[in-house]
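Engineer: Hey, dropping coords16.cif in here, mmCIF, C-alpha atoms and all ligand atoms:
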data_start
#
loop_
_atom_site.label_atom_id
_atom_site.label_comp_id
_atom_site.auth_asym_id
_atom_site.auth_seq_id
_atom_site.Cartn_x
_atom_site.Cartn_y
_atom_site.Cartn_z
CA MET A 1166 29.47 -42.87 -26.55
CA GLU A 1167 30.55 -44.91 -23.50
CA GLN A 1168 28.54 -48.07 -22.91
CA MET A 1169 25.20 -46.92 -21.48
CA LYS A 1170 24.47 -47.85 -17.86
CA PHE A 1171 21.20 -49.70 -17.21
CA ILE A 1172 19.45 -49.94 -13.85
CA SER A 1173 17.07 -52.88 -13.64
CA ALA A 1174 13.71 -53.19 -11.89
CA SER A 1175 15.24 -55.35 -9.16
CA GLN A 1176 18.01 -52.80 -8.53
CA VAL A 1177 15.31 -50.12 -8.19
CA LYS A 1178 13.33 -52.32 -5.80
CA ASN A 1179 16.42 -52.94 -3.67
CA VAL A 1180 17.08 -49.28 -2.91
CA LEU A 1181 13.82 -47.36 -3.26
CA THR A 1182 11.57 -46.99 -0.21
CA PHE A 1183 8.40 -45.00 0.36
CA GLU A 1184 10.07 -43.26 3.30
CA LEU A 1185 12.56 -41.75 0.85
CA LEU A 1186 10.22 -41.37 -2.11
CA ILE A 1187 7.27 -39.59 -0.48
CA PRO A 1188 9.29 -36.46 0.50
CA GLN A 1189 10.92 -36.47 -2.94
CA MET A 1190 7.48 -36.52 -4.62
CA GLU A 1191 6.33 -33.66 -2.37
CA LYS A 1192 9.27 -31.64 -3.74
CA ALA A 1193 8.47 -32.70 -7.33
CA LEU A 1194 4.85 -31.50 -7.07
CA ALA A 1195 5.92 -28.21 -5.47
CA LYS A 1196 8.64 -27.54 -8.06
CA PHE A 1197 6.18 -28.30 -10.86
CA SER A 1198 3.59 -25.82 -9.55
CA ASP A 1199 6.33 -23.27 -8.80
CA LYS A 1200 7.21 -23.33 -12.54
CA LYS A 1201 10.69 -24.69 -11.85
CA VAL A 1202 10.08 -27.51 -14.33
CA VAL A 1203 9.91 -27.44 -18.12
CA GLN A 1204 7.51 -30.17 -19.12
CA PRO A 1205 5.00 -30.44 -21.95
CA VAL A 1206 1.79 -32.40 -21.48
CA ARG A 1207 2.52 -36.06 -22.31
CA SER A 1208 2.30 -37.09 -25.99
CA VAL A 1209 0.35 -40.32 -26.38
CA ILE A 1210 0.05 -42.56 -29.42
CA PRO A 1211 -2.86 -45.03 -29.32
CA VAL A 1212 -1.82 -48.48 -30.61
CA LYS A 1213 -5.32 -49.30 -31.79
CA GLU A 1214 -4.68 -52.86 -33.02
CA TYR A 1215 -3.89 -53.99 -29.45
CA GLY A 1216 -5.87 -51.49 -27.38
CA GLY A 1217 -2.58 -50.07 -26.12
CA PHE A 1218 -1.04 -46.62 -25.66
CA PHE A 1219 2.51 -45.33 -25.87
CA GLY A 1220 3.46 -42.16 -23.99
CA LEU A 1221 6.44 -39.81 -24.13
CA MET A 1222 7.14 -37.85 -20.93
CA PRO A 1223 10.13 -35.46 -21.06
CA SER A 1224 11.11 -32.98 -18.33
CA LEU A 1225 13.89 -30.58 -17.34
CA CYS A 1226 14.51 -29.28 -13.84
CA SER A 1227 17.59 -27.06 -14.05
CA GLU A 1228 17.92 -26.52 -10.31
CA ASP A 1229 18.34 -30.30 -9.87
CA ASN A 1230 20.39 -30.66 -13.05
CA VAL A 1231 17.89 -33.25 -14.26
CA LEU A 1232 17.04 -33.81 -17.93
CA ALA A 1233 15.11 -36.99 -18.57
CA THR A 1234 12.29 -38.64 -20.41
CA LYS A 1235 10.07 -41.54 -19.52
CA LEU A 1236 8.78 -43.77 -22.30
CA VAL A 1237 5.76 -45.65 -21.04
CA SER A 1238 3.40 -48.15 -22.58
CA PHE A 1239 -0.03 -48.96 -21.21
CA TYR A 1240 -1.71 -52.09 -22.58
CA PRO A 1241 -4.72 -52.70 -20.31
CA ASN A 1242 -5.51 -56.03 -22.02
CA ASN A 1243 -2.14 -57.64 -21.21
CA LYS A 1244 -2.47 -60.91 -19.31
CA ASP A 1245 0.92 -62.59 -18.90
CA VAL A 1246 3.12 -59.48 -18.86
CA PRO A 1247 2.59 -56.24 -16.91
CA THR A 1248 0.01 -53.77 -18.25
CA HIS A 1249 2.41 -50.83 -17.72
CA ASN A 1250 6.02 -50.93 -18.94
CA ALA A 1251 8.49 -48.08 -18.97
CA VAL A 1252 12.06 -46.88 -19.18
CA ILE A 1253 13.44 -43.56 -17.97
CA ALA A 1254 16.36 -42.16 -19.99
CA MET A 1255 18.55 -39.74 -18.01
CA PHE A 1256 20.71 -37.23 -19.88
CA ASN A 1257 23.48 -35.00 -18.57
CA ALA A 1258 21.71 -31.60 -18.39
CA SER A 1259 24.93 -29.63 -18.94
CA ASN A 1260 26.09 -31.30 -22.17
CA GLY A 1261 23.12 -33.37 -23.34
CA VAL A 1262 24.96 -36.68 -23.19
CA PRO A 1263 22.74 -39.67 -22.33
CA GLU A 1264 24.03 -41.32 -19.15
CA VAL A 1265 21.71 -43.98 -17.80
CA ILE A 1266 18.52 -45.84 -18.55
CA VAL A 1267 16.47 -46.79 -15.53
CA ASP A 1268 13.74 -49.42 -15.68
CA GLY A 1269 10.45 -47.55 -15.14
CA GLU A 1270 8.05 -50.27 -14.08
CA VAL A 1271 8.74 -50.19 -10.34
CA ILE A 1272 9.23 -46.42 -10.37
CA THR A 1273 5.83 -45.93 -12.05
CA ALA A 1274 4.16 -48.16 -9.47
CA MET A 1275 5.88 -46.52 -6.49
CA ARG A 1276 5.99 -42.86 -7.50
CA THR A 1277 2.27 -42.80 -8.40
CA ALA A 1278 1.38 -44.15 -4.97
CA ALA A 1279 3.87 -41.84 -3.24
CA VAL A 1280 2.24 -38.85 -4.99
CA SER A 1281 -1.21 -39.98 -3.81
CA ALA A 1282 0.24 -40.26 -0.28
CA VAL A 1283 1.43 -36.64 -0.51
CA ALA A 1284 -2.01 -35.52 -1.77
CA THR A 1285 -3.67 -37.42 1.08
CA LYS A 1286 -1.32 -35.83 3.63
CA PHE A 1287 -2.25 -32.32 2.44
CA LEU A 1288 -5.97 -32.85 1.71
CA SER A 1289 -7.50 -35.54 3.93
CA ASN A 1290 -8.89 -35.11 7.42
CA LYS A 1291 -6.48 -36.11 10.17
CA ASN A 1292 -6.14 -39.76 11.25
CA PRO A 1293 -8.05 -41.61 8.53
CA LYS A 1294 -9.04 -45.07 9.76
CA VAL A 1295 -10.74 -46.81 6.82
CA LEU A 1296 -9.05 -47.18 3.44
CA ALA A 1297 -10.98 -48.37 0.36
CA LEU A 1298 -9.17 -49.65 -2.71
CA LEU A 1299 -11.20 -49.93 -5.95
CA GLY A 1300 -9.01 -52.12 -8.17
CA SER A 1301 -6.76 -55.01 -7.22
CA GLY A 1302 -3.71 -54.67 -9.49
CA VAL A 1303 -0.23 -53.16 -9.21
CA GLN A 1304 -1.34 -49.70 -8.11
CA ALA A 1305 -3.75 -51.08 -5.50
CA ARG A 1306 -0.78 -52.80 -3.83
CA SER A 1307 1.58 -49.85 -4.10
CA HIS A 1308 -1.08 -47.44 -2.81
CA TYR A 1309 -1.66 -49.63 0.23
CA GLN A 1310 2.08 -49.62 0.93
CA ALA A 1311 2.57 -45.88 0.39
CA LEU A 1312 -0.48 -44.85 2.43
CA SER A 1313 0.44 -47.28 5.21
CA THR A 1314 3.78 -45.50 5.47
CA LEU A 1315 1.86 -42.41 6.66
CA TYR A 1316 -1.22 -43.89 8.37
CA LYS A 1317 -2.25 -46.79 10.54
CA PHE A 1318 -5.53 -47.89 8.98
CA GLU A 1319 -7.93 -49.97 11.09
CA GLU A 1320 -9.71 -51.39 8.06
CA ILE A 1321 -8.79 -51.97 4.42
CA ARG A 1322 -11.77 -52.59 2.13
CA ILE A 1323 -11.17 -53.84 -1.39
CA TRP A 1324 -13.38 -54.14 -4.45
CA GLY A 1325 -12.38 -55.05 -8.00
CA ARG A 1326 -13.70 -56.53 -11.20
CA THR A 1327 -12.17 -59.97 -10.66
CA LYS A 1328 -13.28 -61.73 -7.48
CA THR A 1329 -10.24 -64.02 -7.21
CA ASN A 1330 -7.82 -61.05 -7.47
CA VAL A 1331 -9.78 -59.16 -4.83
CA GLU A 1332 -9.70 -62.15 -2.48
CA LEU A 1333 -5.97 -62.64 -3.04
CA LEU A 1334 -5.23 -58.98 -2.31
CA ALA A 1335 -7.52 -59.00 0.74
CA SER A 1336 -5.62 -61.97 2.16
CA GLU A 1337 -2.24 -60.30 1.42
CA LEU A 1338 -3.27 -57.05 3.15
CA ASN A 1339 -5.40 -58.57 5.86
CA GLY A 1340 -8.26 -56.60 4.34
CA ILE A 1341 -11.93 -57.19 3.57
CA ALA A 1342 -12.97 -58.39 0.11
CA CYS A 1343 -16.16 -56.52 -0.82
CA GLN A 1344 -18.85 -57.69 -3.23
CA THR A 1345 -19.64 -54.19 -4.46
CA ALA A 1346 -17.82 -50.89 -4.82
CA GLU A 1347 -20.51 -49.29 -2.66
CA ASP A 1348 -19.75 -51.72 0.14
CA ALA A 1349 -16.06 -50.92 -0.08
CA VAL A 1350 -16.35 -47.14 0.03
CA LYS A 1351 -19.35 -46.24 2.16
CA GLU A 1352 -17.45 -45.95 5.48
CA ALA A 1353 -14.10 -45.04 3.94
CA ASP A 1354 -12.07 -42.01 4.99
CA VAL A 1355 -9.65 -42.45 2.08
CA ILE A 1356 -10.72 -43.94 -1.27
CA VAL A 1357 -8.31 -44.89 -4.05
CA THR A 1358 -9.57 -45.65 -7.56
CA VAL A 1359 -6.95 -47.67 -9.43
CA THR A 1360 -8.77 -49.48 -12.21
CA SER A 1361 -8.52 -49.56 -15.99
CA SER A 1362 -12.24 -48.87 -16.21
CA THR A 1363 -13.36 -46.42 -18.88
CA ILE A 1364 -16.74 -45.74 -17.24
CA PRO A 1365 -17.54 -44.45 -13.73
CA ILE A 1366 -17.15 -46.97 -10.92
CA LEU A 1367 -17.51 -44.56 -7.96
CA LYS A 1368 -20.89 -42.92 -7.31
CA LYS A 1369 -21.63 -39.73 -5.43
CA GLU A 1370 -24.25 -41.31 -3.11
CA TRP A 1371 -21.73 -43.79 -1.68
CA VAL A 1372 -19.07 -41.35 -0.48
CA LYS A 1373 -19.26 -40.15 3.10
CA PRO A 1374 -18.82 -36.45 3.98
CA GLY A 1375 -15.19 -35.62 4.74
CA ALA A 1376 -13.73 -38.43 2.64
CA HIS A 1377 -10.64 -37.92 0.50
CA ILE A 1378 -10.38 -39.62 -2.92
CA ASN A 1379 -7.25 -40.33 -4.95
CA ALA A 1380 -8.51 -40.89 -8.52
CA VAL A 1381 -5.61 -42.53 -10.32
CA GLY A 1382 -7.01 -44.37 -13.35
CA ALA A 1383 -8.85 -43.00 -16.44
CA CYS A 1384 -5.96 -41.18 -18.10
CA ARG A 1385 -7.67 -40.62 -21.43
CA PRO A 1386 -9.94 -37.69 -22.36
CA ASP A 1387 -12.89 -40.00 -23.03
CA TRP A 1388 -12.38 -42.29 -20.01
CA GLN A 1389 -13.97 -41.92 -16.58
CA GLU A 1390 -13.70 -43.62 -13.20
CA ILE A 1391 -15.72 -41.10 -11.22
CA ASP A 1392 -19.41 -40.24 -11.48
CA PRO A 1393 -19.59 -36.73 -13.05
CA GLU A 1394 -22.01 -35.61 -10.30
CA LEU A 1395 -19.37 -36.54 -7.72
CA MET A 1396 -16.72 -34.66 -9.74
CA ARG A 1397 -18.87 -31.52 -9.56
CA LEU A 1398 -19.48 -31.93 -5.81
CA VAL A 1399 -15.89 -32.37 -4.65
CA SER A 1400 -13.10 -29.89 -4.02
CA LEU A 1401 -10.98 -30.88 -6.99
CA PHE A 1402 -7.17 -30.90 -6.90
CA VAL A 1403 -4.92 -32.06 -9.72
CA ASP A 1404 -1.22 -32.69 -10.34
CA SER A 1405 -1.23 -30.45 -13.43
CA ARG A 1406 -4.05 -28.18 -14.63
CA ASP A 1407 -2.85 -28.43 -18.25
CA ALA A 1408 -2.74 -32.22 -18.12
CA ALA A 1409 -6.13 -32.49 -16.39
CA LEU A 1410 -7.77 -30.31 -19.03
CA THR A 1411 -6.13 -32.29 -21.84
CA GLU A 1412 -6.10 -35.90 -20.60
CA SER A 1413 -8.68 -36.45 -17.88
CA GLY A 1414 -12.13 -37.59 -19.01
CA ASP A 1415 -13.27 -37.22 -15.39
CA VAL A 1416 -12.41 -33.52 -15.46
CA ILE A 1417 -13.23 -32.71 -19.10
CA LEU A 1418 -16.58 -34.52 -19.39
CA SER A 1419 -17.93 -33.40 -16.00
CA LYS A 1420 -16.79 -29.79 -16.55
CA ALA A 1421 -15.87 -29.74 -12.83
CA ASP A 1422 -13.94 -26.70 -11.62
CA ILE A 1423 -10.35 -27.27 -10.58
CA GLU A 1424 -9.61 -25.79 -7.15
CA ALA A 1425 -5.80 -26.00 -7.40
CA GLU A 1426 -2.76 -28.10 -8.17
CA VAL A 1427 -1.58 -30.08 -5.15
CA GLY A 1428 1.79 -28.36 -5.61
CA GLU A 1429 0.07 -25.03 -4.95
CA VAL A 1430 -1.28 -26.41 -1.66
CA ILE A 1431 2.21 -27.62 -0.71
CA LEU A 1432 3.60 -24.16 -1.55
CA GLY A 1433 0.90 -22.52 0.62
CA LYS A 1434 -0.68 -20.77 -2.37
CA ASN A 1435 -3.95 -22.61 -1.78
CA GLY A 1436 -5.42 -23.60 1.60
CA GLY A 1437 -6.52 -27.11 0.50
CA ARG A 1438 -9.51 -28.62 2.31
CA LYS A 1439 -11.96 -25.95 3.53
CA THR A 1440 -14.16 -27.87 5.99
CA ALA A 1441 -14.07 -31.25 7.72
CA THR A 1442 -17.14 -32.36 5.77
CA ASP A 1443 -15.94 -31.43 2.27
CA VAL A 1444 -15.10 -34.32 -0.01
CA THR A 1445 -11.67 -33.70 -1.54
CA LEU A 1446 -10.51 -35.43 -4.72
CA PHE A 1447 -7.01 -35.59 -6.15
CA LYS A 1448 -7.04 -36.37 -9.89
CA SER A 1449 -3.67 -37.93 -10.66
CA LEU A 1450 -2.40 -38.31 -14.21
CA GLY A 1451 1.32 -38.69 -13.55
CA LEU A 1452 4.01 -36.08 -14.17
CA ALA A 1453 7.29 -36.61 -16.01
CA ILE A 1454 9.15 -34.75 -13.25
CA GLU A 1455 7.97 -37.37 -10.74
CA ASP A 1456 9.75 -40.01 -12.83
CA ALA A 1457 12.86 -37.90 -13.39
CA LEU A 1458 13.32 -37.12 -9.68
CA SER A 1459 12.53 -40.72 -8.69
CA ALA A 1460 15.14 -42.00 -11.17
CA LYS A 1461 17.67 -39.45 -9.85
CA LEU A 1462 16.98 -40.66 -6.30
CA VAL A 1463 17.60 -44.26 -7.41
CA CYS A 1464 20.88 -43.28 -9.15
CA ASP A 1465 22.04 -41.36 -6.04
CA LEU A 1466 21.14 -44.26 -3.73
CA LEU A 1467 22.94 -46.77 -5.92
CA SER A 1468 26.07 -44.65 -6.26
CA SER A 1469 26.22 -44.07 -2.50
CA SER A 1470 25.78 -47.82 -1.91
CA TYR A 1471 28.68 -48.55 -4.35
CA SER A 1472 30.98 -46.01 -2.70
CA SER A 1473 30.28 -47.17 0.89
N1 LIG A 1501 -1.96 -41.41 -12.47
C1 LIG A 1501 -0.83 -42.03 -12.70
O1 LIG A 1501 0.26 -41.48 -12.54
C2 LIG A 1501 -0.87 -43.46 -13.12
C3 LIG A 1501 -2.06 -44.06 -13.36
N2 LIG A 1501 -2.12 -45.39 -13.68
C4 LIG A 1501 -3.44 -45.95 -13.90
O2 LIG A 1501 -3.89 -46.63 -12.73
C5 LIG A 1501 -4.79 -47.68 -13.08
C6 LIG A 1501 -4.31 -48.97 -12.42
O3 LIG A 1501 -3.02 -49.31 -12.90
P1 LIG A 1501 -2.32 -50.68 -12.49
O4 LIG A 1501 -2.74 -51.09 -11.14
O5 LIG A 1501 -0.88 -50.55 -12.79
O6 LIG A 1501 -2.97 -51.66 -13.54
P2 LIG A 1501 -3.27 -53.23 -13.39
O7 LIG A 1501 -3.46 -53.71 -14.78
O8 LIG A 1501 -2.26 -53.86 -12.52
O9 LIG A 1501 -4.66 -53.25 -12.62
C7 LIG A 1501 -5.83 -52.75 -13.22
C8 LIG A 1501 -7.02 -53.07 -12.34
O10 LIG A 1501 -8.18 -52.54 -12.96
C9 LIG A 1501 -9.17 -53.55 -13.01
N3 LIG A 1501 -10.07 -53.27 -14.13
C10 LIG A 1501 -9.78 -53.32 -15.43
N4 LIG A 1501 -10.85 -52.98 -16.15
C11 LIG A 1501 -11.83 -52.71 -15.26
C12 LIG A 1501 -13.18 -52.32 -15.37
N5 LIG A 1501 -13.73 -52.13 -16.56
N6 LIG A 1501 -13.89 -52.10 -14.24
C13 LIG A 1501 -13.33 -52.28 -13.05
N7 LIG A 1501 -12.06 -52.67 -12.87
C14 LIG A 1501 -11.33 -52.87 -13.97
C15 LIG A 1501 -8.39 -54.84 -13.14
O11 LIG A 1501 -9.17 -55.95 -12.77
C16 LIG A 1501 -7.26 -54.56 -12.15
O12 LIG A 1501 -7.68 -54.77 -10.83
C17 LIG A 1501 -4.79 -47.72 -14.61
O13 LIG A 1501 -5.87 -46.97 -15.09
C18 LIG A 1501 -3.49 -47.03 -14.95
O14 LIG A 1501 -3.40 -46.52 -16.24
C19 LIG A 1501 -1.00 -46.16 -13.76
C20 LIG A 1501 0.24 -45.58 -13.57
C21 LIG A 1501 0.40 -44.18 -13.28
O1 LIG A 1502 2.26 -41.31 -15.47
C1 LIG A 1502 2.31 -42.46 -15.94
O2 LIG A 1502 3.34 -43.12 -15.98
C2 LIG A 1502 1.07 -43.01 -16.48
N1 LIG A 1502 0.00 -42.37 -16.32
C3 LIG A 1502 -1.27 -42.75 -16.82
C4 LIG A 1502 -1.31 -44.15 -17.30
C5 LIG A 1502 -0.09 -44.57 -17.96
C6 LIG A 1502 1.13 -44.32 -17.14
#
Kindly present the structure from the file in structure tokens form.
Ligand SMILES: NC(=O)C1=CN([C@@H]2O[C@H](COP(=O)(O)OP(=O)(O)OC[C@H]3O[C@@H](n4cnc5c(N)ncnc54)[C@H](O)[C@@H]3O)[C@@H](O)[C@H]2O)C=CC1
Ligand SMILES: O=C(O)C1=NCCCC1
Structural biologist:
Amino acid sequence: MEQMKFISASQVKNVLTFELLIPQMEKALAKFSDKKVVQPVRSVIPVKEYGGFFGLMPSLCSEDNVLATKLVSFYPNNKDVPTHNAVIAMFNASNGVPEVIVDGEVITAMRTAAVSAVATKFLSNKNPKVLALLGSGVQARSHYQALSTLYKFEEIRIWGRTKTNVELLASELNGIACQTAEDAVKEADVIVTVTSSTIPILKKEWVKPGAHINAVGACRPDWQEIDPELMRLVSLFVDSRDAALTESGDVILSKADIEAEVGEVILGKNGGRKTATDVTLFKSLGLAIEDALSAKLVCDLLSSSYSS
């Protein structure tokens, strides 16, 4: 084997933009729902001693000649190192030879937010003005950046568990630090839940008619971020039906009906939002093909920057 190429987090950061990534994630979601992707539901090993999880996320998309797997760890209790760490191993789809390993930390942060931006584009009412972020970590920042690529928000309202983190993020984003989650979401057109909470943090009574919610945390079958009554009220969209019914405590425990995969909306197989007053909710779990196509985009951008 030749010496394996490695693409670092800073190389990813240097070339990847939301302008490029959002359309790529729209394609990834559509290909997934159009059955152009071979991808099992993620395998996850709990690392009980440390409250961590280790996930294996393989995918094949023959029409893009992409064969890859993300290996991701999620240790919500980490303090001095990131809570999510990952690598994406890319193989040559025609002969199975491993070619490159791409750092997955920045890709995980950016592709998750880019996917929520796509869901928001297809499901929210036009011209949302108030954005609420519940959570003040990595995904809160990347979601602000991705959504601000598509929309000019007049107000950013932020709530989180740790007051100092909320205040720091509010000052970075020129947003409003809220004392309660209710305060953050009650006027919001778009709500993003990006916490490591295992119990509901967003209640039905607080959400205004017509709002769109991107529910990004709670990736375990016994974890929830969303009040089950709210889950049953919303028009519910997911990235993958199989994953939602296997991994999402919000979906499984509430027994809420899934309206469609977002990919089906992109493909025109489902009409998405029905009325301006419906509350729509996108339950995101993260798809391996999002990582594979993001890593391919990074490799293509880097090789074109070397050759120019
Ligand atoms: N759907 C997807 O594709 C992905 C989902 N995620 C999930 O998104 C969530 C946020 O991830 P990151 O921002 O990277 O993590 P992070 O560790 O940077 O931030 C986590 C945030 O949750 C808050 N938090 C933790 N426990 C809480 C509790 N009990 N109640 C309220 N807030 C609490 C923390 O204070 C912090 O603001 C996590 O649940 C993570 O697993 C992450 C990557 C991909
Ligand atoms: O898709 C991912 O990557 C993740 N999803 C849920 C939480 C861990 C990382």
Engineer: Within 10 Å of (-5.4, -47.8, 13.1) (coordinates as in the file), grab all the protein and nucleic acid residues, counting all atoms listed in the file, and write them out as a ChimeraX atom specification.
Structural biologist: /A:1292-1295,1313,1316-1320
Engineer: Go ahead and save the residues from that selection, with C-alpha atoms, as a PDB file, keeping the file's coordinate frame.
Structural biologist:
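Wrote again.pdb, looks like this:
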ATOM      1  CA  ASN A1292      -6.140 -39.760  11.250  1.00  0.00           C
ATOM      2  CA  PRO A1293      -8.050 -41.610   8.530  1.00  0.00           C
ATOM      3  CA  LYS A1294      -9.040 -45.070   9.760  1.00  0.00           C
ATOM      4  CA  VAL A1295     -10.740 -46.810   6.820  1.00  0.00           C
ATOM      5  CA  SER A1313       0.440 -47.280   5.210  1.00  0.00           C
ATOM      6  CA  TYR A1316      -1.220 -43.890   8.370  1.00  0.00           C
ATOM      7  CA  LYS A1317      -2.250 -46.790  10.540  1.00  0.00           C
ATOM      8  CA  PHE A1318      -5.530 -47.890   8.980  1.00  0.00           C
ATOM      9  CA  GLU A1319      -7.930 -49.970  11.090  1.00  0.00           C
ATOM     10  CA  GLU A1320      -9.710 -51.390   8.060  1.00  0.00           C
TER      11      GLU A1320
END
Engineer: For atom CA of Ser1362 of chain A and atom CA of Ala1193 of chain A, determine how far apart the two atoms are, in Å to one decimal place.
Structural biologist: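 Separation of atom CA of Ser1362 of chain A and atom CA of Ala1193 of chain A: 27.7 Å.
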Engineer: Show me which residues sit within 8 Å of ligand LIG 1501 (chain A) when counting only C-alpha atoms and all ligand atoms, and put them as a ChimeraX atom specification.
Structural biologist: /A:1239,1241-1243,1247-1249,1273-1274,1276-1277,1299-1306,1325-1327,1330-1331,1358-1364,1366,1380-1384,1448-1452
Engineer: For atom CA of Lys1291 of chain A and atom CA of Met1275 of chain A, determine how far apart the two atoms are, in Å to one decimal place.
Structural biologist: 23.2 Å
Engineer: Go through A:Val1203, A:Ile1253, A:Ala1284, A:Leu1181 one by one, measure the shortest atom-to-atom distance of each to ligand LIG 1502 (chain A) using all atoms listed in the file, and give the residue with the smallest value.
Structural biologist: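 Using all atoms listed in the file, the shortest distance to ligand LIG 1502 (chain A) belongs to A:Ile1253.
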Engineer: Which one of A:Lys1235, A:Lys1420, A:Lys1368, A:His1308 sits closest to ligand LIG 1502 (chain A) if you count all atoms listed in the file?
Structural biologist: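 Nearest candidate to ligand LIG 1502 (chain A) out of A:Lys1235, A:Lys1420, A:Lys1368, A:His1308: A:Lys1235.
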Engineer: Smallest atom-to-atom distance to ligand LIG 1502 (chain A): which of A:Trp1371, A:Phe1256, A:Phe1447, A:Phe1218, using only C-alpha atoms and all ligand atoms?
Structural biologist: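 Checking each of A:Trp1371, A:Phe1256, A:Phe1447, A:Phe1218 against ligand LIG 1502 (chain A), counting only C-alpha atoms and all ligand atoms, the winner is A:Phe1218.
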Engineer: Which of these, A:Asp1404, A:Glu1332, A:Glu1352, A:Glu1337, has the shortest distance to ligand LIG 1502 (chain A) once you count all atoms listed in the file?
Structural biologist: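 When distances to ligand LIG 1502 (chain A) are compared using all atoms listed in the file, the smallest one comes from A:Asp1404.
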Engineer: Restricting the calculation to only C-alpha atoms: of A:Lys1170, A:Lys1178, A:Lys1328, A:Lys1286, which residue gets closest to Arg1438 of chain A?
Structural biologist: A:Lys1286
Engineer: Tell me, as a short mmCIF file (atom, residue, chain, number, x, y, z; two decimals) with C-alpha atoms, in the coordinates of the input, which residues lie within 6 Å of Ile1391 of chain A, counting all atoms listed in the file; anything in the same chain fewer than 2 positions away does not count.
Structural biologist:
data_model
loop_
_atom_site.label_atom_id
_atom_site.label_comp_id
_atom_site.auth_asym_id
_atom_site.auth_seq_id
_atom_site.Cartn_x
_atom_site.Cartn_y
_atom_site.Cartn_z
CA PRO A 1365 -17.54 -44.45 -13.73
CA LEU A 1367 -17.51 -44.56 -7.96
CA GLN A 1389 -13.97 -41.92 -16.58
#
Engineer: Please output segment 1299-1312 of chain A, rebuilt to include N, CA and C atoms, as a PDB file, in the frame of the given file.
Structural biologist:
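New file result-v4.pdb:
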ATOM      1  N   LEU A1299     -10.388 -49.439  -4.832  1.00  0.00           N
ATOM      2  CA  LEU A1299     -11.200 -49.930  -5.950  1.00  0.00           C
ATOM      3  C   LEU A1299     -10.218 -50.308  -7.059  1.00  0.00           C
ATOM      4  N   GLY A1300     -10.057 -51.598  -7.277  1.00  0.00           N
ATOM      5  CA  GLY A1300      -9.010 -52.120  -8.170  1.00  0.00           C
ATOM      6  C   GLY A1300      -8.112 -53.013  -7.341  1.00  0.00           C
ATOM      7  N   SER A1301      -7.558 -54.040  -7.994  1.00  0.00           N
ATOM      8  CA  SER A1301      -6.760 -55.010  -7.220  1.00  0.00           C
ATOM      9  C   SER A1301      -5.460 -55.360  -7.944  1.00  0.00           C
ATOM     10  N   GLY A1302      -4.938 -54.422  -8.733  1.00  0.00           N
ATOM     11  CA  GLY A1302      -3.710 -54.670  -9.490  1.00  0.00           C
ATOM     12  C   GLY A1302      -2.486 -54.055  -8.829  1.00  0.00           C
ATOM     13  N   VAL A1303      -1.524 -53.676  -9.670  1.00  0.00           N
ATOM     14  CA  VAL A1303      -0.230 -53.160  -9.210  1.00  0.00           C
ATOM     15  C   VAL A1303      -0.393 -51.906  -8.351  1.00  0.00           C
ATOM     16  N   GLN A1304      -1.198 -50.963  -8.837  1.00  0.00           N
ATOM     17  CA  GLN A1304      -1.340 -49.700  -8.110  1.00  0.00           C
ATOM     18  C   GLN A1304      -2.123 -49.872  -6.803  1.00  0.00           C
ATOM     19  N   ALA A1305      -3.036 -50.835  -6.760  1.00  0.00           N
ATOM     20  CA  ALA A1305      -3.750 -51.080  -5.500  1.00  0.00           C
ATOM     21  C   ALA A1305      -2.730 -51.477  -4.430  1.00  0.00           C
ATOM     22  N   ARG A1306      -1.809 -52.354  -4.788  1.00  0.00           N
ATOM     23  CA  ARG A1306      -0.780 -52.800  -3.830  1.00  0.00           C
ATOM     24  C   ARG A1306       0.146 -51.654  -3.430  1.00  0.00           C
ATOM     25  N   SER A1307       0.611 -50.904  -4.443  1.00  0.00           N
ATOM     26  CA  SER A1307       1.580 -49.850  -4.100  1.00  0.00           C
ATOM     27  C   SER A1307       0.895 -48.731  -3.306  1.00  0.00           C
ATOM     28  N   HIS A1308      -0.375 -48.463  -3.602  1.00  0.00           N
ATOM     29  CA  HIS A1308      -1.080 -47.440  -2.810  1.00  0.00           C
ATOM     30  C   HIS A1308      -1.258 -47.877  -1.364  1.00  0.00           C
ATOM     31  N   TYR A1309      -1.566 -49.150  -1.161  1.00  0.00           N
ATOM     32  CA  TYR A1309      -1.660 -49.630   0.230  1.00  0.00           C
ATOM     33  C   TYR A1309      -0.331 -49.396   0.949  1.00  0.00           C
ATOM     34  N   GLN A1310       0.766 -49.748   0.274  1.00  0.00           N
ATOM     35  CA  GLN A1310       2.080 -49.620   0.930  1.00  0.00           C
ATOM     36  C   GLN A1310       2.429 -48.159   1.199  1.00  0.00           C
ATOM     37  N   ALA A1311       2.205 -47.296   0.210  1.00  0.00           N
ATOM     38  CA  ALA A1311       2.570 -45.880   0.390  1.00  0.00           C
ATOM     39  C   ALA A1311       1.724 -45.241   1.486  1.00  0.00           C
ATOM     40  N   LEU A1312       0.404 -45.486   1.440  1.00  0.00           N
ATOM     41  CA  LEU A1312      -0.480 -44.850   2.430  1.00  0.00           C
ATOM     42  C   LEU A1312      -0.233 -45.409   3.828  1.00  0.00           C
TER      43      LEU A1312
END
